[in-house]
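Working notes, beginning with the structure itself.
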Amino acid sequence: MYRNGLKNANGENSDNQMIQLLPDYKPLFYENPETRYYLITGGRGSGKSWTLALFLLNLTYEKGHVILFTRWTLVSAFISIIPEFIDKIEIMGKEGDFEITQTEIINKKTGSKILFRGIKTNHGTATANLKSIANVTTWVLDEAEELGDEDVFDKIDLSIRAKDKPNRVILVMNPSFKSHWIYKQFVREKRSDTTYIHTTYLDNKQNLSESFIKAAEKSKVENPHRYAHLFLGIWLDDKDGLLWNREIIKKARLAEAPNLSRIVVALDPAVTANMDSDETGIIVCGKDRDGNAYVLEDLSGKYSPNHWSKIANDAAFRWNADCIVAEKNQGGDMVEAVLKSQGVGTRVKLVSATKGKYVRAEPVYSLYEQGKVYHVGSFPALENQMVSFDPERGKSPDRVDALVWGLTELMVKKKGEGFVLIRGKLFR
């Protein structure tokens, strides 16, 4: 049981309200942690994000804690993460205990705080800035599968060394591929300095809707491979993908792009913004005068329609893109209306998915095989989706969809496809 203001795993407190915790997470709530590292894994609906937020808020009731909560990409914590923490604060009935800003949650009783930061920046990584934050006692790497650079992890990890409080480094992730450095460093052989917590939706059924459980069970029958990965959190072999593999992407990697003759922002929009929503894919691509394409930036994430519209428009302005390519199928007129409401000054092209997912993706994959597409830097989340892409196993990932739309526009566009939106009117 969890009680308001809990300060140990037993839940002893004078408040009456109690929250049921999954037993697997009990070690996370120990006042004196048994290990430095925690690896929390699980599939969808496993309760890991919910419980982690509850634990971190609880930890702020101890004086002297600075908790650094990071993701590889974090455009707006106040939109994408902090609402989940506010929900837990309201459940605890502790709204008066916390001060909440755009990037921090401060416990007014103790002064302990949670800082929300992104690791990736427009110009590389924020490793130096994150390392310089004083007195960090706990570092959370959320969506850890997106961090592909072990060196970045090591640099931040070694900066967590506050003397007066126990140090915790918590990695939270949906298991990815066995080639990932986290699997090699933490999973292939269990470590004595690491606490392992793995749950699935089966452990968390009492907190899930009937429709979610039915969707999981349907996947179990219709697509056991997808079910094992998405719902049970099974680690995958790289060969599980259908088109791209790690070697092709590795060969495509560049440190910087040459002068580009054209840049587009590709958008695969989600029409809702909640915990169960799809991500909105937002990928910036460019093309040089020699006919080579370059993946420049991945801004994908879970956003409201107004937010993804602003991010796409800002990216178009920042990169001097001549076009925003947006999928019309997802939301239809809504996509047009939202982009217009943001005062988009960039030309907008609405495209429709008239072909199957494999047929759309295969020409783009062929460009990779021919050495015609390059990745300027590393895009872990996008690349993980690329190597696991299989149109016969559920829907294609949103980042890959946006990638395909962008590179198709630049490299394999056919006459008559798509529409152009100019001053609110559609033109072929």
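Ordering of the structure tokens sets the chain letters (A, B, ...); residue numbers start at 1 within each chain; ligands are numbered from 1 in the order shown.
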For the contact check between segment 179-230 of chain A and segment 27-38 of chain A, emit one row per residue of segment 179-230 of chain A within 8 Å, containing the shortest atom pair and the distance in Å rounded to one decimal, counting only C-alpha atoms, chain then rising number order, as a tab-separated table.
```
residue	atom	partner	partner_atom	distance
A:Ser192	CA	A:Thr35	CA	7.7
A:Asp193	CA	A:Thr35	CA	5.0
A:Thr194	CA	A:Tyr37	CA	4.5
A:Thr195	CA	A:Tyr38	CA	4.7
A:Tyr196	CA	A:Tyr38	CA	6.0
A:Ile197	CA	A:Tyr38	CA	7.5
```
Go ahead and write the selection's residues with C-alpha atoms as a compact mmCIF listing (two decimals), in the first residue's frame.
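The resulting file, again_37.txt, is reproduced below:
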```txt
# COMPACT_ATOMS: atom_id res chain seq x y z
CA SER A 192 25.06 -7.05 -8.46
CA ASP A 193 24.91 -3.22 -8.41
CA THR A 194 21.53 -3.16 -10.19
CA THR A 195 17.96 -3.75 -9.02
CA TYR A 196 15.84 -5.23 -11.81
CA ILE A 197 12.12 -4.53 -11.97
```
Subject >> All residues 10 Å or closer to Asp288 of chain A, only C-alpha atoms, same chain fewer than 4 positions away omitted, as a ChimeraX atom specification >> reply: /A:257-263,292-294,410
Subject >> Point-to-point distance from atom CA of Thr199 of chain A to atom CA of His225 of chain A, Å rounded to tenths >> reply: 18.0 Å
Subject >> Residue contacts of Leu254 of chain A (6 Å, only C-alpha atoms) excluding same-chain residues fewer than 2 positions away, as a PyMOL selection string >> reply: chain A and resi 256+375-376
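The smallest atom-to-atom distance between Gly124 of chain A and any of A:Gln370, A:Ser209, A:Ser219, A:Ser378, using only C-alpha atoms, is found for A:Ser378.
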Subject >> All residues 10 Å or closer to Lys205 of chain A, only C-alpha atoms, same chain fewer than 6 positions away omitted, as a VMD selection string >> reply: chain A and resid 45 to 47 212 to 213
**OP:** Taking the chain letters and numbering used in this document, name the residues of segment 59-220 of chain A that DSSP puts in helix (DSSP H, G or I), as a PyMOL selection string.
**Re:** chain A and resi 59+77-80+82-92+95-97+127-131+144-146+150-157+181-187+201-207+210-220
Original post:
Where does DSSP see strand (DSSP E or B) in segment 192-387 of chain A, if you list the residues as JSON, numbers by chain?
Top reply: {"A": [194, 195, 196, 197, 198, 199, 236, 253, 254, 262, 263, 264, 265, 266, 267, 268, 280, 281, 282, 283, 284, 285, 286, 287, 293, 294, 295, 296, 297, 298, 301, 323, 324, 325, 326, 327, 348, 349, 350, 351, 373, 374, 375, 376]}
**OP:** May I ask which of the residues A:Val351, A:Ala270, A:Ala402, A:Ala312 is the closest one to Met334 of chain A, counting only C-alpha atoms?
**Re:** A:Ala270
Original post:
Skipping near chain neighbours, those fewer than 2 positions away, what residues fall within 12 Å of Pro397 of chain A using only C-alpha atoms, listed as JSON, numbers by chain?
Top reply: {"A": [268, 269, 270, 278, 279, 280, 281, 282, 300, 301, 357, 361, 381, 382, 383, 384, 385, 386, 387, 388, 389, 390, 391, 393, 394, 395, 399, 400, 401, 402, 403, 404]}
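The coordinates place atom CA of Arg253 of chain A at 22.8 Å from atom CA of Asn320 of chain A.
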Subject >> segment 114-118 of chain A environment, 8 Å, only C-alpha atoms, sequence neighbours closer than 3 positions dropped, as a ChimeraX atom specification >> reply: /A:56,60,66-75,77,103-106,121,126
Subject >> Gap from atom CA of Ile40 of chain A to atom CA of His198 of chain A - Å, one decimal >> reply: 5.9 Å
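Distances to Lys88 of chain A were evaluated for A:Asn58, A:Ser179, A:Ser352, A:Asn207 using only C-alpha atoms, and the minimum falls at A:Asn58.
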